[in-house]
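Text of the file start.tsv, holding TSV, C-alpha atoms:
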```
chain	number	residue	atom	x	y	z
A	174	GLN	CA	-7.04	-8.84	5.12
A	175	VAL	CA	-5.95	-5.35	6.09
A	176	GLN	CA	-6.55	-2.35	3.87
A	177	LEU	CA	-4.50	0.80	4.19
A	178	VAL	CA	-5.38	4.17	2.69
A	179	GLU	CA	-2.85	7.00	2.74
A	180	SER	CA	-3.74	10.65	2.39
A	181	GLY	CA	-2.29	14.07	3.04
A	182	GLY	CA	0.28	14.32	0.29
A	183	GLY	CA	0.64	17.38	-1.87
A	184	LEU	CA	2.89	20.07	-3.28
A	185	VAL	CA	4.71	22.29	-0.79
A	186	GLN	CA	7.70	24.57	-0.76
A	187	ALA	CA	10.95	23.75	0.96
A	188	GLY	CA	10.75	24.40	4.69
A	189	GLU	CA	7.03	23.76	4.92
A	190	SER	CA	5.24	20.89	6.63
A	191	LEU	CA	2.81	18.11	5.77
A	192	ARG	CA	1.07	15.44	7.76
A	193	LEU	CA	0.40	12.12	6.11
A	194	SER	CA	-2.31	9.80	7.36
A	195	CYS	CA	-2.71	6.07	6.93
A	196	ALA	CA	-6.12	4.73	7.82
A	197	ALA	CA	-6.31	0.99	8.49
A	198	SER	CA	-9.34	-1.24	8.10
A	199	GLY	CA	-8.45	-3.17	11.24
A	200	SER	CA	-7.34	-2.38	14.75
A	201	ILE	CA	-3.83	-1.00	14.61
A	202	SER	CA	-3.20	-2.28	18.11
A	203	SER	CA	-3.01	-5.75	16.55
A	204	PHE	CA	-0.07	-4.85	14.33
A	205	ASN	CA	3.46	-5.91	15.20
A	206	ARG	CA	4.87	-2.83	13.56
A	207	MET	CA	3.85	0.12	11.44
A	208	ASP	CA	6.19	1.81	9.00
A	209	TRP	CA	6.44	4.57	6.46
A	210	TYR	CA	8.48	4.12	3.29
A	211	ARG	CA	9.08	6.35	0.31
A	212	GLN	CA	10.11	5.93	-3.29
A	213	ALA	CA	11.56	8.71	-5.37
A	214	PRO	CA	11.53	8.56	-9.19
A	215	GLY	CA	14.19	6.20	-10.45
A	216	LYS	CA	15.14	5.06	-6.96
A	217	GLN	CA	14.42	2.07	-4.81
A	218	ARG	CA	11.83	2.24	-2.06
A	219	GLU	CA	13.46	3.25	1.20
A	220	TRP	CA	12.36	2.94	4.79
A	221	VAL	CA	11.59	6.22	6.54
A	222	ALA	CA	10.21	5.53	10.00
A	223	GLY	CA	8.80	2.71	12.07
A	224	ARG	CA	6.87	2.13	15.25
A	225	PHE	CA	6.93	-1.27	16.93
A	226	SER	CA	4.34	-2.85	19.18
A	227	ASN	CA	6.69	-2.55	22.16
A	228	GLY	CA	6.71	1.22	21.72
A	229	LEU	CA	10.09	1.49	20.03
A	230	ILE	CA	10.23	4.20	17.38
A	231	MET	CA	12.99	4.53	14.81
A	232	TYR	CA	13.80	6.91	11.98
A	233	ALA	CA	16.06	6.90	8.98
A	234	ASP	CA	19.00	9.27	9.38
A	235	ALA	CA	17.77	11.40	6.48
A	236	VAL	CA	14.58	12.36	8.35
A	237	LYS	CA	15.61	12.16	11.98
A	238	GLY	CA	14.66	15.31	13.84
A	239	ARG	CA	12.25	16.42	11.09
A	240	PHE	CA	9.69	13.61	10.82
A	241	THR	CA	7.53	12.12	13.56
A	242	ILE	CA	5.55	8.89	13.37
A	243	SER	CA	2.53	8.59	15.63
A	244	ARG	CA	-0.74	6.76	15.84
A	245	ASP	CA	-4.31	7.17	17.03
A	246	ASN	CA	-5.67	3.82	18.13
A	247	ALA	CA	-9.23	5.14	18.35
A	248	LYS	CA	-9.10	6.15	14.69
A	249	ASN	CA	-6.99	3.17	13.56
A	250	THR	CA	-4.71	5.68	11.89
A	251	VAL	CA	-0.96	6.12	11.66
A	252	TYR	CA	0.51	9.52	10.95
A	253	LEU	CA	3.77	10.89	9.60
A	254	GLU	CA	4.35	14.50	10.54
A	255	MET	CA	6.93	15.98	8.20
A	256	ASN	CA	8.55	19.30	9.04
A	257	SER	CA	11.30	21.33	7.39
A	258	LEU	CA	10.69	19.54	4.13
A	259	LYS	CA	13.45	19.46	1.54
A	260	PRO	CA	13.30	18.89	-2.22
A	261	GLU	CA	15.01	15.54	-1.66
A	262	ASP	CA	11.98	14.44	0.36
A	263	THR	CA	9.99	14.37	-2.88
A	264	ALA	CA	8.63	10.85	-3.32
A	265	VAL	CA	5.60	8.64	-3.15
A	266	TYR	CA	5.08	7.78	0.51
A	267	TYR	CA	3.69	4.40	1.52
A	268	CYS	CA	2.58	3.06	4.85
A	269	SER	CA	2.89	-0.58	5.71
A	270	VAL	CA	1.88	-2.71	8.64
A	271	VAL	CA	2.91	-6.16	9.78
A	272	GLN	CA	0.28	-8.41	11.31
A	273	THR	CA	1.77	-11.69	12.50
A	274	VAL	CA	3.89	-12.59	9.47
A	275	ILE	CA	1.99	-10.71	6.77
A	276	THR	CA	2.96	-7.27	5.50
A	277	TYR	CA	0.30	-5.00	4.05
A	278	TRP	CA	0.88	-1.89	1.94
A	279	GLY	CA	-1.12	1.17	1.09
A	280	GLN	CA	-1.40	2.63	-2.39
A	281	GLY	CA	0.87	5.57	-1.67
A	282	THR	CA	0.51	9.33	-1.61
A	283	GLN	CA	2.65	11.78	-3.57
A	284	VAL	CA	4.71	14.39	-1.76
A	285	THR	CA	6.43	17.02	-3.87
A	286	VAL	CA	8.70	19.64	-2.35
A	287	SER	CA	9.73	22.55	-4.54
A	288	SER	CA	12.87	24.56	-3.93
```

Any chance you could give the structure as structure tokens?
Amino acid sequence: QVQLVESGGGLVQAGESLRLSCAASGSISSFNRMDWYRQAPGKQREWVAGRFSNGLIMYADAVKGRFTISRDNAKNTVYLEMNSLKPEDTAVYYCSVVQTVITYWGQGTQVTVSS
């Protein structure tokens, strides 16, 4: 069983930055992939960014060039650096990891961007 705890959300103004953290209870080097998703009010959860065990990193078009996913194996933590934030980035952000065939989710952290 893997437990994920997100942190770092908050209220910022448009153009500012935030860094989200996702601390895992297990070794993140054992995960097949690590992803960030977000869900805005009244909308479906959408994929934001992902990092695969082979080193491949991918981003949704809406955040490409502004967001960066990274990890610290020593801290078993995945990060999402978010720059040039826009009001449309407002959502609850979730991290998820895949270990073998099981997907685990964190509880989410709220990001609110005011215009």

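Across the structure, atom CA of Glu189 of chain A and atom CA of Pro260 of chain A are spaced 10.7 Å apart.
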
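The coordinates place atom CA of Leu193 of chain A at 5.0 Å from atom CA of Leu253 of chain A.
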
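Between atom CA of Arg244 of chain A and atom CA of Gly199 of chain A the interatomic distance comes to 13.4 Å.
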
Distance criterion (all atoms listed in the file): nearest to Phe204 of chain A out of A:Val265, A:Ile275, A:Met231, A:Val178: A:Ile275

Measuring between only C-alpha atoms, which one of A:Ala187, A:Ser269, A:Glu261, A:Gly279 shows the shortest distance to Ala222 of chain A? A:Ser269
